[in-house]
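Encoded as structure tokens, the structure appears first; notes follow it.
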2 protein chains.
Amino acid sequence: MKWDELEEQPCSLARTVAVIGDRWSLLILRECFLRKRRFEAFQSVLGITRHLLAERLKKLVRLGVLRRIPYQESPKRYEYILTQKGLDLYPVIMAIVHWGDVHMVDSRGRPMLHEHQNCGKLFDPVMVCSECGEPLAAKQVHVHPGPGARQPAVASLKAEKVR
Amino acid sequence: MKWDELEEQPCSLARTVAVIGDRWSLLILRECFLRKRRFEAFQSVLGITRHLLAERLKKLVRLGVLRRIPYQESPKRYEYILTQKGLDLYPVIMAIVHWGDVHMVDSRGRPMLHEHQNCGKLFDPVMVCSECGEPLAAKQVHVHPGPGARQPAVASLKAEKVR
DNA sequence: ATTGACAGTTCAATTTTAGAACTTTAAGTT
DNA sequence: AACTTAAAGTTCTAAAATTGAACTGTCAAT
């Protein structure tokens, strides 16, 4: 399966994985959320090869997660900032960080703590139901096919083949 | 940077990316949350090569996300089920799915809908602050170094090198 | 005149992944 | 008894992605 095919699957997880499902994209986005914006800043802190960083940044721009804006003329230089689509990845990032905080820390404890400006406290992110506000657990959720459940052309062809 | 180095960074995101930050792991876990448990089931629905599936399953077992348990003797056959550590990835999966639902759907709408058994309603996952219960936004969160902020040996060497 | 910063690009060597065939153990079918 | 199927892998070669290192072009500072 190629990356482009992933994007076309009738699955919101697969489509998102097509955007962030590689080793570097999430690390680049981490730096974006930590207010880094420039090529050199990403490269030096991550240790990613310049080649790949250039490619990943292009991809994230193409997909609308980052915007490339000039910050000086002559020589023309650009920096990368999160779009709203990119900012909306915050819950993904926080869910990932939280899982690491719970399951991947050593005896020394968490590398980072998060403070919520609204209430002034150190917090953990909690995922809740938009309707009743209760924390979510996998076992309490049932899945139903939605209106976009199947691809019109490709999937029906595949179905034929399988039958 | 190698995968093993990722795991050792003083960053919960990097450590989690070392576990799920590739094209296939999240898709395999999707199937796990959809109650799939067997090699053939994963392989046929995902289209992943058998070679890579075997490798990824081994890795997820080694990292404690899945458990490999025999479901029949002679011939000995195994299936893969989520551990608690694996089940705890649910918020990560849901955050990813939700972002896809918002930003990657076509005109036909969402491929899947989620029903919360507790309240009986179709819902979206929302990430809130554990302390005040308010929905989280990146701009309202400040980050502080925690007790595990730096690697004891490696990081200080790196710091020397940089200085 | 030289050095350094920044944002990349280029290219060979290595590592990963894809695609396909093959293996093993046993049950079911002809 | 021979043949087919199923499940869970393993093995192999070709293709693709990633690494590592050097190089480019533009400008400012020394």
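FYI, nothing fancy with the structure tokens labels: chains A, B, ... in order, residues from 1 per chain, ligands from 1 as they appear.
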Extract, using only C-alpha atoms (C1' of nucleotides), all DNA, RNA and protein residues at most 10 Å from C:DT9, discarding same-chain residues fewer than 4 positions from it, and format them as a ChimeraX atom specification. /A:50-51,54 /D:23-24
Now that the selection is made, can you save its residues with N, CA, C and O atoms (P, O5', C5', C4', C3', O3' and C1' of nucleotides) as a short mmCIF file (atom, residue, chain, number, x, y, z; two decimals), in the first residue's frame?
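The result, stored in part_30.cif:
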```cif
data_model
loop_
_atom_site.label_atom_id
_atom_site.label_comp_id
_atom_site.auth_asym_id
_atom_site.auth_seq_id
_atom_site.Cartn_x
_atom_site.Cartn_y
_atom_site.Cartn_z
N ARG A 50 18.57 16.92 6.61
CA ARG A 50 18.02 18.12 5.98
C ARG A 50 17.14 17.74 4.80
O ARG A 50 16.12 18.37 4.54
N HIS A 51 17.59 16.71 4.09
CA HIS A 51 16.84 16.20 2.95
C HIS A 51 15.41 15.86 3.34
O HIS A 51 14.43 16.31 2.73
N ALA A 54 13.19 18.79 4.64
CA ALA A 54 12.65 19.59 3.56
C ALA A 54 11.42 18.91 2.95
O ALA A 54 10.40 19.55 2.69
P DC D 23 32.22 19.03 -1.07
"O5'" DC D 23 30.99 19.81 -1.70
"C5'" DC D 23 30.21 19.17 -2.73
"C4'" DC D 23 28.99 20.03 -3.03
"C3'" DC D 23 29.33 21.50 -3.27
"O3'" DC D 23 28.86 21.85 -4.57
"C1'" DC D 23 27.50 21.26 -1.78
P DT D 24 29.17 23.39 -5.13
"O5'" DT D 24 27.77 24.12 -4.91
"C5'" DT D 24 26.57 23.57 -5.46
"C4'" DT D 24 25.44 24.57 -5.25
"C3'" DT D 24 25.84 26.01 -5.49
"O3'" DT D 24 24.96 26.60 -6.42
"C1'" DT D 24 24.74 25.77 -3.39
#
```
Should the cut-off be 9 Å, what would the residue list for chain C against chain A look like, counting only C-alpha atoms (C1' of nucleotides), as an NGL selection string? :C and (6-9 or 18)
For D:DA14: contacts at 12 Å, only C-alpha atoms (C1' of nucleotides), fewer than 6 positions along chain excluded, given as a list of chain:residue names: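 What passes the distance filter is C:DT17, C:DA18, C:DG19, C:DA20.
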Neighbouring residues of B:Ile93 were defined as those with any atom within 8 Å, considering only C-alpha atoms (C1' of nucleotides); residues of the same chain fewer than 3 positions away were excluded. Please report them as a list in words.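 In the requested format, the answer is Leu13 of chain A; Leu26, Arg30, Leu89, Tyr90, Ile96 and Val97 of chain B.
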Residue contacts of B:Lys59 (10 Å, only C-alpha atoms (C1' of nucleotides)) excluding same-chain residues fewer than 6 positions away, as a list in words: Val19, Ser25, Leu53, Val65 and Leu66 of chain B
Would you mind listing, as a count of residues only, all residues of chain D that have at least one atom within 9 Å of chain B, where only C-alpha atoms (C1' of nucleotides) are what counts? 5
DSSP alpha helix (DSSP H) selection over chain A, as an NGL selection string: :A and (3-8 or 12-20 or 25-33 or 39-46 or 50-62 or 84-87 or 90-103 or 154-162)
What residues in chain A get the DSSP label strand (DSSP E)? Please answer as a PyMOL selection string. chain A and resi 66-72+77-82+112-116+121-122+125-129+141-145
